[in-house]
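Asker: You'll find input15.cif just under this line, and it carries mmCIF, C-alpha atoms.
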```cif
data_data
#
loop_
_atom_site.label_atom_id
_atom_site.label_comp_id
_atom_site.auth_asym_id
_atom_site.auth_seq_id
_atom_site.Cartn_x
_atom_site.Cartn_y
_atom_site.Cartn_z
CA MET A 1 12.42 26.46 -25.58
CA ASP A 2 15.30 28.87 -25.02
CA VAL A 3 13.00 31.04 -22.91
CA LEU A 4 12.54 28.33 -20.29
CA PRO A 5 15.10 28.15 -17.49
CA PRO A 6 17.24 25.00 -17.54
CA HIS A 7 15.91 23.67 -14.22
CA LEU A 8 12.34 23.79 -15.59
CA ILE A 9 13.35 21.89 -18.73
CA VAL A 10 15.01 19.24 -16.57
CA GLU A 11 11.82 18.95 -14.52
CA ILE A 12 9.72 18.47 -17.67
CA LEU A 13 12.07 15.83 -19.03
CA SER A 14 11.94 14.00 -15.68
CA ARG A 15 8.18 13.53 -16.05
CA LEU A 16 8.31 11.68 -19.38
CA ASN A 17 7.23 8.03 -19.09
CA ASP A 18 7.81 6.80 -22.63
CA PRO A 19 11.52 6.37 -23.47
CA THR A 20 10.70 7.18 -27.12
CA ASP A 21 9.66 10.68 -26.07
CA LEU A 22 12.95 11.21 -24.28
CA VAL A 23 14.89 10.04 -27.34
CA CYS A 24 12.95 12.49 -29.51
CA CYS A 25 13.80 15.31 -27.13
CA ARG A 26 17.48 14.45 -27.30
CA LEU A 27 17.36 14.57 -31.07
CA ALA A 28 15.34 17.80 -31.20
CA SER A 29 18.05 20.18 -29.97
CA LYS A 30 21.46 20.36 -28.38
CA THR A 31 19.96 22.04 -25.33
CA LEU A 32 17.47 19.25 -24.70
CA ASN A 33 20.14 16.65 -25.37
CA SER A 34 22.56 18.07 -22.80
CA LEU A 35 19.91 18.74 -20.16
CA SER A 36 18.41 15.25 -20.52
CA TYR A 37 21.47 13.84 -18.80
CA GLU A 38 20.89 16.03 -15.76
CA VAL A 39 17.49 14.64 -14.81
CA ARG A 40 17.23 13.61 -11.17
CA ARG A 41 14.46 11.08 -11.69
CA ILE A 42 13.48 8.85 -14.57
CA SER A 43 10.36 6.80 -15.32
CA LEU A 44 10.54 4.21 -18.09
CA LEU A 45 7.38 2.20 -18.76
CA CYS A 46 6.79 -0.28 -21.54
CA SER A 47 3.73 0.81 -23.49
CA ARG A 48 1.13 -1.41 -25.09
CA ASN A 49 2.24 -0.27 -28.53
CA ARG A 50 5.86 -1.25 -27.87
CA TYR A 51 4.80 -4.65 -26.55
CA MET A 52 2.65 -5.37 -29.61
CA LYS A 53 5.43 -4.42 -32.02
CA SER A 54 7.95 -6.54 -30.11
CA ARG A 55 5.74 -9.61 -30.64
CA ALA A 56 4.60 -9.02 -34.23
CA PRO A 57 6.80 -10.96 -36.71
CA GLU A 58 6.97 -8.05 -39.16
CA THR A 59 8.23 -5.52 -36.57
CA ARG A 60 9.97 -7.65 -33.94
CA THR A 61 13.48 -7.13 -35.30
CA LEU A 62 12.96 -3.36 -35.55
CA ILE A 63 12.20 -2.84 -31.85
CA THR A 64 15.01 -2.15 -29.42
CA PRO A 65 14.67 -4.49 -26.42
CA PHE A 66 13.12 -2.68 -23.47
CA LYS A 67 15.87 -3.83 -21.12
CA THR A 68 18.47 -2.31 -23.45
CA ILE A 69 16.66 1.02 -23.38
CA ILE A 70 16.52 0.98 -19.58
CA ASN A 71 20.18 0.04 -19.33
CA ASN A 72 21.33 2.77 -21.70
CA PHE A 73 19.22 5.55 -20.20
CA ILE A 74 20.08 4.84 -16.58
CA ARG A 75 23.79 4.29 -17.15
CA SER A 76 24.02 7.59 -19.03
CA SER A 77 22.16 9.55 -16.31
CA ARG A 78 24.56 9.56 -13.39
CA LEU A 79 22.66 12.19 -11.35
CA LEU A 80 19.54 10.09 -10.80
CA ASP A 81 18.08 9.87 -7.30
CA SER A 82 14.77 8.25 -8.36
CA VAL A 83 14.22 5.39 -10.83
CA THR A 84 10.88 3.90 -11.92
CA ILE A 85 10.71 1.09 -14.45
CA GLY A 86 7.81 -1.16 -15.35
CA VAL A 87 5.08 -2.16 -17.76
CA PHE A 88 1.53 -0.98 -18.23
CA GLU A 89 0.22 -4.27 -16.84
CA ARG A 90 -3.48 -3.59 -17.34
CA SER A 91 -3.05 -2.88 -21.03
CA LEU A 92 -1.01 -6.05 -21.56
CA VAL A 93 -2.84 -8.54 -19.36
CA GLU A 94 -5.01 -9.92 -22.18
CA MET A 95 -2.39 -9.73 -24.90
CA TYR A 96 0.40 -12.18 -24.06
CA ASP A 97 0.33 -15.80 -25.16
CA GLU A 98 1.45 -19.07 -23.62
CA ASN A 99 5.02 -18.48 -24.78
CA GLU A 100 5.36 -15.87 -22.03
CA LEU A 101 4.79 -18.55 -19.40
CA GLU A 102 6.78 -21.22 -21.18
CA GLY A 103 10.01 -19.26 -21.03
CA GLU A 104 10.49 -18.12 -24.62
CA PHE A 105 10.60 -14.48 -23.56
CA ASP A 106 12.33 -12.67 -20.72
CA ASP A 107 12.57 -9.20 -22.28
CA LEU A 108 10.12 -7.79 -19.69
CA TYR A 109 11.43 -9.77 -16.72
CA LEU A 110 12.53 -6.62 -14.89
CA THR A 111 13.32 -8.11 -11.46
CA ASP A 112 16.00 -10.28 -13.03
CA GLU A 113 18.94 -9.78 -10.64
CA ARG A 114 21.47 -10.00 -13.49
CA PHE A 115 19.69 -7.24 -15.41
CA ILE A 116 19.44 -5.01 -12.33
CA GLY A 117 23.10 -5.65 -11.57
CA GLU A 118 24.03 -4.17 -14.97
CA TRP A 119 22.78 -0.65 -14.26
CA LEU A 120 22.23 -0.29 -10.52
CA PRO A 121 25.95 0.16 -9.61
CA PHE A 122 26.04 3.30 -11.78
CA VAL A 123 23.35 5.16 -9.80
CA CYS A 124 23.23 3.46 -6.39
CA ARG A 125 25.29 6.08 -4.53
CA ARG A 126 22.68 8.80 -5.07
CA LEU A 127 19.55 6.66 -5.39
CA ARG A 128 16.82 7.54 -2.90
CA SER A 129 13.77 5.94 -4.56
CA LEU A 130 13.42 2.77 -6.66
CA SER A 131 10.25 1.30 -8.15
CA ILE A 132 10.08 -1.83 -10.32
CA SER A 133 6.78 -3.16 -11.68
CA ASP A 134 7.43 -6.49 -13.35
CA PHE A 135 5.52 -8.37 -16.06
CA TRP A 136 3.77 -11.10 -14.09
CA SER A 137 3.59 -13.68 -16.87
CA GLN A 138 7.39 -13.64 -17.13
CA SER A 139 8.23 -13.15 -13.45
CA CYS A 140 5.73 -15.37 -11.61
CA TRP A 141 7.70 -18.58 -12.19
CA ARG A 142 11.19 -17.06 -11.95
CA ARG A 143 12.58 -16.74 -8.42
CA SER A 144 14.44 -13.45 -8.15
CA GLU A 145 17.23 -12.45 -5.79
CA THR A 146 16.82 -8.78 -6.61
CA LEU A 147 16.43 -7.87 -2.92
CA SER A 148 19.96 -9.13 -2.31
CA VAL A 149 21.32 -7.04 -5.20
CA ILE A 150 19.49 -3.89 -4.11
CA SER A 151 20.53 -4.21 -0.47
CA SER A 152 24.16 -4.79 -1.48
CA HIS A 153 24.38 -1.60 -3.54
CA CYS A 154 21.80 0.93 -2.33
CA HIS A 155 23.02 2.15 1.05
CA VAL A 156 21.08 5.45 1.03
CA LEU A 157 17.83 4.17 -0.50
CA GLN A 158 14.78 5.52 1.35
CA GLU A 159 11.84 4.22 -0.70
CA LEU A 160 11.48 0.85 -2.43
CA LYS A 161 8.47 -0.45 -4.37
CA LEU A 162 8.36 -3.88 -6.02
CA LYS A 163 5.34 -5.28 -7.87
CA ASN A 164 4.46 -8.53 -9.66
CA ALA A 165 7.41 -10.73 -8.73
CA TRP A 166 8.63 -13.83 -6.87
CA LEU A 167 11.21 -12.59 -4.38
CA SER A 168 13.81 -14.51 -2.44
CA VAL A 169 15.27 -13.08 0.77
CA ASP A 170 18.51 -15.03 0.46
CA GLY A 171 21.44 -12.68 0.82
CA LEU A 172 19.25 -9.77 1.91
CA LYS A 173 21.34 -7.28 3.89
CA PRO A 174 20.17 -4.62 6.37
CA MET A 175 19.05 -1.35 4.77
CA LEU A 176 19.11 1.10 7.64
CA MET A 177 18.07 4.15 5.59
CA LEU A 178 14.94 2.58 4.07
CA THR A 179 11.80 4.21 5.51
CA CYS A 180 9.14 3.20 2.96
CA LEU A 181 8.57 -0.29 1.52
CA THR A 182 5.78 -1.40 -0.83
CA LEU A 183 5.37 -5.00 -1.96
CA GLU A 184 2.39 -5.56 -4.25
CA PHE A 185 1.32 -8.85 -5.82
CA ILE A 186 4.48 -10.52 -4.57
CA ARG A 187 5.33 -14.13 -3.79
CA LEU A 188 7.71 -13.68 -0.87
CA ASP A 189 9.98 -16.39 0.53
CA ASP A 190 9.75 -15.02 4.07
CA GLU A 191 6.83 -16.85 5.64
CA ASP A 192 7.02 -15.13 9.06
CA LEU A 193 8.39 -11.76 7.82
CA ASN A 194 11.48 -12.23 9.98
CA LYS A 195 13.85 -11.00 7.26
CA ILE A 196 11.68 -7.96 6.53
CA ASN A 197 11.67 -7.03 10.20
CA ASP A 198 15.40 -7.59 10.71
CA CYS A 199 16.70 -5.98 7.51
CA PHE A 200 14.39 -2.95 7.37
CA PRO A 201 14.33 -1.75 11.01
CA SER A 202 13.81 1.93 10.14
CA LEU A 203 10.57 1.51 8.19
CA GLN A 204 7.96 4.17 8.83
CA VAL A 205 5.63 3.20 5.96
CA LEU A 206 4.88 -0.43 5.03
CA ASN A 207 2.47 -1.52 2.29
CA LEU A 208 1.92 -5.25 1.81
CA VAL A 209 -0.74 -5.82 -0.84
CA SER A 210 -1.53 -9.40 -1.91
CA VAL A 211 1.78 -10.77 -0.68
CA GLY A 212 1.78 -14.58 -0.84
CA GLY A 213 4.03 -17.15 0.78
CA LEU A 214 3.13 -16.13 4.35
CA LYS A 215 2.14 -18.57 7.11
CA GLU A 216 2.31 -16.85 10.49
CA PRO A 217 3.51 -13.35 9.64
CA LYS A 218 4.43 -10.94 12.40
CA ILE A 219 5.20 -7.26 11.90
CA ARG A 220 7.47 -5.96 14.65
CA LEU A 221 8.84 -2.57 13.66
CA LEU A 222 9.69 0.03 16.25
CA HIS A 223 9.45 3.09 13.98
CA LEU A 224 6.47 2.08 11.84
CA LYS A 225 3.82 4.82 11.58
CA THR A 226 1.66 3.81 8.60
CA CYS A 227 0.77 0.29 7.50
CA GLN A 228 -1.47 -1.07 4.75
CA TRP A 229 -1.77 -4.86 4.74
CA ALA A 230 -4.04 -6.87 2.44
CA VAL A 231 -3.72 -10.56 3.36
CA SER A 232 -4.95 -13.72 1.65
CA ASN A 233 -6.84 -16.47 3.47
CA VAL A 234 -3.70 -18.59 3.92
CA PRO A 235 -2.00 -17.20 7.08
CA PHE A 236 -3.11 -18.87 10.31
CA SER A 237 -2.27 -15.87 12.46
CA LEU A 238 -1.50 -12.18 12.04
CA THR A 239 0.45 -10.15 14.56
CA ILE A 240 1.30 -6.45 14.52
CA LEU A 241 3.62 -5.10 17.22
CA ALA A 242 4.29 -1.46 16.43
CA PRO A 243 4.53 0.97 19.36
CA ASN A 244 4.56 4.07 17.10
CA LEU A 245 1.94 2.99 14.57
CA VAL A 246 -0.61 5.74 13.85
CA THR A 247 -2.50 4.52 10.75
CA LEU A 248 -3.43 0.91 10.00
CA LYS A 249 -5.45 -0.47 7.06
CA LEU A 250 -5.80 -4.24 7.45
CA LYS A 251 -7.76 -6.49 5.11
CA CYS A 252 -7.83 -10.20 5.86
CA VAL A 253 -10.27 -13.12 5.66
CA ARG A 254 -10.62 -15.37 8.67
CA PRO A 255 -7.36 -15.68 10.62
CA LYS A 256 -7.33 -18.03 13.58
CA SER A 257 -5.49 -15.37 15.55
CA LEU A 258 -5.34 -11.60 15.15
CA ILE A 259 -3.13 -9.63 17.54
CA ILE A 260 -2.63 -5.87 17.30
CA GLN A 261 -0.51 -3.96 19.80
CA ALA A 262 -0.22 -0.33 18.75
CA PRO A 263 -0.90 2.09 21.62
CA LEU A 264 -0.56 5.26 19.46
CA LEU A 265 -3.00 4.10 16.77
CA SER A 266 -5.43 6.87 15.77
CA PHE A 267 -6.81 5.53 12.44
CA LEU A 268 -7.90 1.90 12.05
CA HIS A 269 -9.55 0.44 8.94
CA LEU A 270 -10.30 -3.25 9.48
CA SER A 271 -11.90 -5.56 6.92
CA LEU A 272 -12.39 -9.24 7.71
CA ILE A 273 -15.00 -11.98 7.99
CA ASP A 274 -14.10 -13.15 11.47
CA ALA A 275 -11.17 -14.09 13.68
CA GLY A 276 -10.72 -16.90 16.19
CA VAL A 277 -8.45 -15.33 18.81
CA PHE A 278 -9.12 -11.62 18.61
CA ASP A 279 -6.59 -9.79 20.78
CA VAL A 280 -6.88 -6.05 20.14
CA LYS A 281 -5.31 -4.02 22.90
CA ASP A 282 -6.75 -0.75 24.10
CA PHE A 283 -6.06 2.15 21.73
CA PRO A 284 -6.30 5.31 23.85
CA SER A 285 -5.54 7.59 20.89
CA ILE A 286 -7.89 6.16 18.26
CA ARG A 287 -10.21 8.69 16.65
CA VAL A 288 -11.21 7.13 13.31
CA PHE A 289 -12.45 3.53 13.04
CA LYS A 290 -13.72 1.74 9.92
CA LEU A 291 -15.01 -1.83 10.16
CA GLU A 292 -16.23 -4.04 7.33
CA SER A 293 -17.35 -7.57 8.14
CA LEU A 294 -20.08 -10.14 7.63
CA ASN A 295 -20.13 -10.51 11.41
CA LEU A 296 -20.52 -6.92 12.56
CA SER A 297 -22.68 -7.96 15.48
CA ARG A 298 -20.05 -10.32 16.88
CA LEU A 299 -16.96 -8.28 16.18
CA ILE A 300 -18.03 -4.82 17.14
CA VAL A 301 -18.54 -5.72 20.79
CA LYS A 302 -14.92 -6.91 21.03
CA PHE A 303 -13.35 -3.50 20.70
CA PRO A 304 -12.34 -1.96 24.05
CA PHE A 305 -11.53 1.52 22.72
CA GLY A 306 -14.99 2.82 21.76
CA LYS A 307 -15.07 5.87 24.03
CA THR A 308 -12.29 7.66 22.11
CA VAL A 309 -13.71 7.07 18.61
CA GLU A 310 -15.15 10.21 17.00
CA HIS A 311 -15.63 9.03 13.39
CA LEU A 312 -17.05 5.56 12.74
CA THR A 313 -17.73 3.72 9.45
CA VAL A 314 -19.38 0.29 9.36
CA ASN A 315 -20.31 -1.89 6.42
CA MET A 316 -21.10 -5.45 5.37
CA PRO A 317 -20.00 -6.93 2.04
CA PRO A 318 -22.71 -8.48 -0.16
CA SER A 319 -23.71 -11.93 1.08
CA THR A 320 -26.70 -14.20 1.37
CA LYS A 321 -25.72 -14.83 4.99
CA ILE A 322 -26.88 -12.05 7.28
CA SER A 323 -25.37 -11.58 10.72
CA ARG A 324 -27.54 -10.85 13.73
CA PRO A 325 -28.91 -7.32 13.13
CA LEU A 326 -28.31 -6.10 16.66
CA TYR A 327 -25.03 -4.35 15.96
CA PHE A 328 -26.63 -0.94 15.53
CA TYR A 329 -27.87 -0.78 19.09
CA SER A 330 -24.44 -1.79 20.33
CA LEU A 331 -23.04 1.30 18.63
CA PHE A 332 -24.82 3.56 21.11
CA ASP A 333 -23.13 1.84 24.04
CA ILE A 334 -19.70 1.07 22.62
CA PHE A 335 -19.15 4.39 20.81
CA PRO A 336 -20.93 7.01 22.93
CA ASN A 337 -18.82 9.98 21.79
CA LEU A 338 -19.23 9.81 18.02
CA SER A 339 -19.45 13.02 16.04
CA SER A 340 -19.92 11.28 12.66
CA LEU A 341 -21.30 7.91 11.58
CA ALA A 342 -21.10 6.39 8.08
CA LEU A 343 -23.18 3.36 7.09
CA GLY A 344 -22.16 1.41 3.99
CA PRO A 345 -24.84 -0.16 1.78
CA GLY A 346 -24.75 -3.50 3.60
CA ALA A 347 -24.94 -1.88 7.02
CA TRP A 348 -27.81 0.39 6.01
CA SER A 349 -29.77 -2.49 4.49
CA GLU A 350 -29.41 -4.44 7.72
CA LEU A 351 -30.50 -1.44 9.78
CA GLU A 352 -33.54 -0.87 7.56
CA LEU A 353 -34.48 -4.55 7.75
CA TRP A 354 -34.32 -4.51 11.52
CA TYR A 355 -36.31 -1.27 11.69
CA CYS A 356 -39.13 -2.84 9.62
CA ARG A 357 -39.30 -5.71 12.10
CA GLU A 358 -38.70 -4.06 15.46
CA GLY A 359 -38.67 -0.27 15.03
CA LEU A 360 -36.32 2.17 16.77
CA GLU A 361 -38.73 3.54 19.36
CA GLY A 362 -37.45 3.59 22.90
CA ARG A 363 -33.77 3.46 21.91
CA VAL A 364 -31.26 5.88 23.42
CA GLY A 365 -29.77 8.11 20.75
CA MET A 366 -26.29 9.50 20.29
CA LYS A 367 -26.60 13.03 21.60
CA GLY A 368 -23.18 14.08 20.36
CA LEU A 369 -23.65 12.82 16.81
CA LYS A 370 -23.41 15.71 14.34
CA GLU A 371 -23.21 13.96 10.98
CA ILE A 372 -24.56 10.79 9.33
CA LYS A 373 -23.63 9.39 5.94
CA ALA A 374 -25.47 6.44 4.38
CA HIS A 375 -25.40 4.50 1.12
CA LEU A 376 -28.98 3.61 0.23
CA VAL A 377 -30.59 0.93 -1.90
CA VAL A 378 -34.23 1.97 -2.11
CA TYR A 379 -36.52 -1.03 -2.54
CA ASP A 380 -39.51 0.50 -0.73
CA ILE A 381 -39.36 4.26 -0.52
CA GLU A 382 -41.82 4.49 2.35
CA ALA A 383 -39.85 2.00 4.42
CA THR A 384 -36.61 3.85 3.66
CA LEU A 385 -38.10 7.23 4.54
CA SER A 386 -39.60 5.90 7.75
CA CYS A 387 -36.24 4.47 8.80
CA ILE A 388 -34.45 7.74 7.98
CA PHE A 389 -36.94 9.84 9.94
CA SER A 390 -36.79 7.55 12.97
CA LEU A 391 -33.01 7.74 12.93
CA LEU A 392 -33.10 11.53 12.73
CA ASP A 393 -35.49 11.69 15.67
CA LEU A 394 -33.18 9.43 17.62
CA CYS A 395 -30.09 11.62 17.02
CA THR A 396 -31.44 15.02 17.99
CA ASN A 397 -28.28 17.12 17.47
CA LEU A 398 -27.60 16.20 13.87
CA VAL A 399 -26.35 19.04 11.67
CA LYS A 400 -25.49 17.31 8.39
CA VAL A 401 -26.88 14.22 6.64
CA THR A 402 -25.32 12.78 3.49
CA LEU A 403 -27.37 10.28 1.49
CA LEU A 404 -26.02 8.47 -1.54
CA ILE A 405 -28.61 6.61 -3.59
CA HIS A 406 -27.77 3.60 -5.74
CA ARG A 407 -27.35 4.56 -9.37
CA HIS A 408 -30.01 2.06 -10.52
CA VAL A 409 -32.78 3.65 -8.45
CA ASP A 410 -35.08 5.52 -10.84
CA SER A 411 -34.94 9.31 -10.87
CA ASN A 412 -38.56 9.78 -9.73
CA THR A 413 -37.95 7.76 -6.57
CA SER A 414 -34.70 9.62 -5.90
CA SER A 415 -36.37 13.01 -6.35
CA LYS A 416 -39.30 12.06 -4.13
CA LEU A 417 -36.97 10.89 -1.38
CA LYS A 418 -35.03 14.15 -1.53
CA LEU A 419 -38.18 16.32 -1.41
CA ARG A 420 -39.60 14.46 1.57
CA CYS A 421 -36.36 14.62 3.54
CA THR A 422 -35.63 18.28 2.94
CA GLY A 423 -39.27 19.23 3.49
CA ASP A 424 -39.73 17.39 6.80
CA TYR A 425 -36.30 18.34 8.21
CA PRO A 426 -35.43 21.77 6.78
CA LYS A 427 -32.93 22.66 9.53
CA ILE A 428 -30.58 19.83 8.59
CA ARG A 429 -27.88 20.47 5.99
CA TRP A 430 -28.45 17.81 3.34
CA LYS A 431 -25.92 16.51 0.81
CA TRP A 432 -26.91 14.17 -2.01
CA GLY A 433 -25.18 11.89 -4.44
CA PHE A 434 -25.09 8.50 -6.17
CA TRP A 435 -23.10 5.34 -5.61
CA LYS A 436 -22.44 2.17 -7.56
CA GLU A 437 -20.41 -0.96 -6.86
CA GLU A 438 -16.72 -0.70 -7.77
CA SER A 439 -17.10 3.00 -8.58
CA ARG A 440 -16.42 6.24 -6.83
CA ASP A 441 -19.28 8.15 -5.24
CA ILE A 442 -20.79 10.85 -7.45
CA TRP A 443 -21.89 14.06 -5.80
CA GLY A 444 -24.57 16.40 -7.09
CA LEU A 445 -28.12 17.58 -6.75
CA LEU A 446 -30.98 15.23 -7.47
CA LEU A 447 -33.53 16.56 -9.93
#
```
Rewrite the structure from the file as structure tokens, please.

Answerer:
Amino acid sequence: MDVLPPHLIVEILSRLNDPTDLVCCRLASKTLNSLSYEVRRISLLCSRNRYMKSRAPETRTLITPFKTIINNFIRSSRLLDSVTIGVFERSLVEMYDENELEGEFDDLYLTDERFIGEWLPFVCRRLRSLSISDFWSQSCWRRSETLSVISSHCHVLQELKLKNAWLSVDGLKPMLMLTCLTLEFIRLDDEDLNKINDCFPSLQVLNLVSVGGLKEPKIRLLHLKTCQWAVSNVPFSLTILAPNLVTLKLKCVRPKSLIIQAPLLSFLHLSLIDAGVFDVKDFPSIRVFKLESLNLSRLIVKFPFGKTVEHLTVNMPPSTKISRPLYFYSLFDIFPNLSSLALGPGAWSELELWYCREGLEGRVGMKGLKEIKAHLVVYDIEATLSCIFSLLDLCTNLVKVTLLIHRHVDSNTSSKLKLRCTGDYPKIRWKWGFWKEESRDIWGLLL
């Protein structure tokens, strides 16, 4: 250990997540003990093992409360500029009992404003990043004023992430230095997002994932550049007014009104069923567009910015209700300058169904299209091959085709499809792989 330079030891100690490991390091040597107080960032997460021991009658009295550990470590590390505290929620989700919800425990209630007020004043002057992931069974019914505490102390904070909590905005003060905010699985007492807009005017990155308590939310942030927003089916209207927004990922259900004004937008990923009033202003800078909807046919004709899009992805979620399968032919007119087109499994299935009924003969192809990617579910290999070949004949300048076959398709069918495609169109660069619901795509050669 003496061979390592001190700054490298500090970096290693900063990456430890289990407080027990850090304690062991402090006890191992005087060097580790002294350098442990110089860490710039700290991550303290309650493990499954610690949780189980804290609940078992035979070991409960032997376990130091997690809040006490957090308090002691942070208050003794005055050089911190980044703090992460939380629980391994996935490993605990099936392990707590009804006592967690009935109020017997609050040892993992980490957004408790009184608890945060015990240690935050000791590090707030240097703190640049703060992340708190609460234990939902203890926090969901406790209304927290932690935003007020954080905004009162952290005047140089740049990044804030809060997860699994019920947050009040009472007493929230402006945080002019904050540029990145993430709220995930949050019940927020700010139904129109007025407080968020007014108190965080410098935000450049905003992530709102499963934030409840909203009615008619409106994002109006002058400096916002990147936004990810996953909305429930409750809000009646959604509005985004962001003149410098470049990247937007928006997932909603069926808002009565959807308004987006972002003239510099270049990447748009939109997932929704439908929208009543659909006011999407022209995006002269958009290059990448991803659309997922049960109503592709109806929605896709509403976008006025098709001529600038170079990379398009369309998909339909699984449903027994099929929209009118005319969307594919609209693509040729609305997006005439595409260089790449990706078809999700739902979109490909709809295209193949329409091809079997009507065919693609006589359609005008996309001359500029260089690449196609498709997720296939092969029910009838001849029908699938015929649809693929007709599509290739339609898009005469294709260079690369990527086909991902559903994992449940038997290997013989997959191999036959590959041999036919590569044999009939040898000049195209083929890429193969597998896909499965709720899993990442797997790339590799088919045997």

Asker: Residues picked by the PyMOL selection byres ((chain A and resi 186) around 7) here, as an MDAnalysis selection string?

Answerer: chainID A and resid 163:166 183:185 187:188 210:212

Asker: Which one of A:Arg298, A:His7, A:Lys373, A:Lys416 sits closest to A:Leu32 if you count all atoms listed in the file?

Answerer: A:His7

Asker: What lies within 8 Å of stretch 374-390 of chain A using only C-alpha atoms, ignoring chain neighbours under 4 positions off, as a CSV table (one decimal) with C-alpha atoms, in the frame of the given file?

Answerer:
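Once everything was written out, this is part31.csv:
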```csv
chain,number,residue,atom,x,y,z
A,342,ALA,CA,-21.1,6.4,8.1
A,343,LEU,CA,-23.2,3.4,7.1
A,344,GLY,CA,-22.2,1.4,4.0
A,345,PRO,CA,-24.8,-0.2,1.8
A,348,TRP,CA,-27.8,0.4,6.0
A,349,SER,CA,-29.8,-2.5,4.5
A,352,GLU,CA,-33.5,-0.9,7.6
A,355,TYR,CA,-36.3,-1.3,11.7
A,356,CYS,CA,-39.1,-2.8,9.6
A,360,LEU,CA,-36.3,2.2,16.8
A,361,GLU,CA,-38.7,3.5,19.4
A,394,LEU,CA,-33.2,9.4,17.6
A,402,THR,CA,-25.3,12.8,3.5
A,403,LEU,CA,-27.4,10.3,1.5
A,404,LEU,CA,-26.0,8.5,-1.5
A,405,ILE,CA,-28.6,6.6,-3.6
A,406,HIS,CA,-27.8,3.6,-5.7
A,409,VAL,CA,-32.8,3.6,-8.4
A,413,THR,CA,-38.0,7.8,-6.6
A,417,LEU,CA,-37.0,10.9,-1.4
A,420,ARG,CA,-39.6,14.5,1.6
A,421,CYS,CA,-36.4,14.6,3.5
A,435,TRP,CA,-23.1,5.3,-5.6
```

Asker: Decode the PyMOL selection byres ((chain A and resi 250-255) around 10) for the given file into explicit residues and return them as JSON, numbers by chain.

Answerer: {"A": [208, 209, 210, 216, 227, 228, 229, 230, 231, 232, 233, 234, 235, 236, 237, 238, 247, 248, 249, 256, 257, 258, 268, 269, 270, 271, 272, 273, 274, 275, 276, 277, 278, 291, 292, 293]}

Asker: Just write the chosen residues, C-alpha atoms, as a compact mmCIF listing (two decimals), keeping the file's coordinate frame.

Answerer:
```
# COMPACT_ATOMS: atom_id res chain seq x y z
CA LEU A 208 1.92 -5.25 1.81
CA VAL A 209 -0.74 -5.82 -0.84
CA SER A 210 -1.53 -9.40 -1.91
CA GLU A 216 2.31 -16.85 10.49
CA CYS A 227 0.77 0.29 7.50
CA GLN A 228 -1.47 -1.07 4.75
CA TRP A 229 -1.77 -4.86 4.74
CA ALA A 230 -4.04 -6.87 2.44
CA VAL A 231 -3.72 -10.56 3.36
CA SER A 232 -4.95 -13.72 1.65
CA ASN A 233 -6.84 -16.47 3.47
CA VAL A 234 -3.70 -18.59 3.92
CA PRO A 235 -2.00 -17.20 7.08
CA PHE A 236 -3.11 -18.87 10.31
CA SER A 237 -2.27 -15.87 12.46
CA LEU A 238 -1.50 -12.18 12.04
CA THR A 247 -2.50 4.52 10.75
CA LEU A 248 -3.43 0.91 10.00
CA LYS A 249 -5.45 -0.47 7.06
CA LYS A 256 -7.33 -18.03 13.58
CA SER A 257 -5.49 -15.37 15.55
CA LEU A 258 -5.34 -11.60 15.15
CA LEU A 268 -7.90 1.90 12.05
CA HIS A 269 -9.55 0.44 8.94
CA LEU A 270 -10.30 -3.25 9.48
CA SER A 271 -11.90 -5.56 6.92
CA LEU A 272 -12.39 -9.24 7.71
CA ILE A 273 -15.00 -11.98 7.99
CA ASP A 274 -14.10 -13.15 11.47
CA ALA A 275 -11.17 -14.09 13.68
CA GLY A 276 -10.72 -16.90 16.19
CA VAL A 277 -8.45 -15.33 18.81
CA PHE A 278 -9.12 -11.62 18.61
CA LEU A 291 -15.01 -1.83 10.16
CA GLU A 292 -16.23 -4.04 7.33
CA SER A 293 -17.35 -7.57 8.14
```

Asker: If you apply the PyMOL selection byres ((chain A and resi 262-267) around 8) to this file, what residues do you get, as an MDAnalysis selection string?

Answerer: chainID A and resid 240:248 260:261 268:269 281:289

Asker: Edge lengths and centre in Å to one decimal, as AutoDock Vina command-line options, is what I'm after for the box along x, y and z that holds all listed atoms of stretch 105-120 of chain A once 4 Å is added on each side.

Answerer:
```
--center_x 17.1 --center_y -7.4 --center_z -17.0 --size_x 21.9 --size_y 22.2 --size_z 21.0
```

Asker: When distances are computed from all atoms listed in the file, which of A:Lys290, A:Arg50, A:His153, A:Lys400 shows the smallest separation from A:Asn315?

Answerer: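 Using all atoms listed in the file, the shortest distance to A:Asn315 belongs to A:Lys290.
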
Asker: How many Å separate atom CA of A:Ile372 from atom CA of A:Leu331?

Answerer: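 These two atoms are separated by 13.4 Å.
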
Asker: Figure out the distance between atom CA of A:Arg48 and atom CA of A:Arg128, please, to one decimal in Å.

Answerer: 28.6 Å
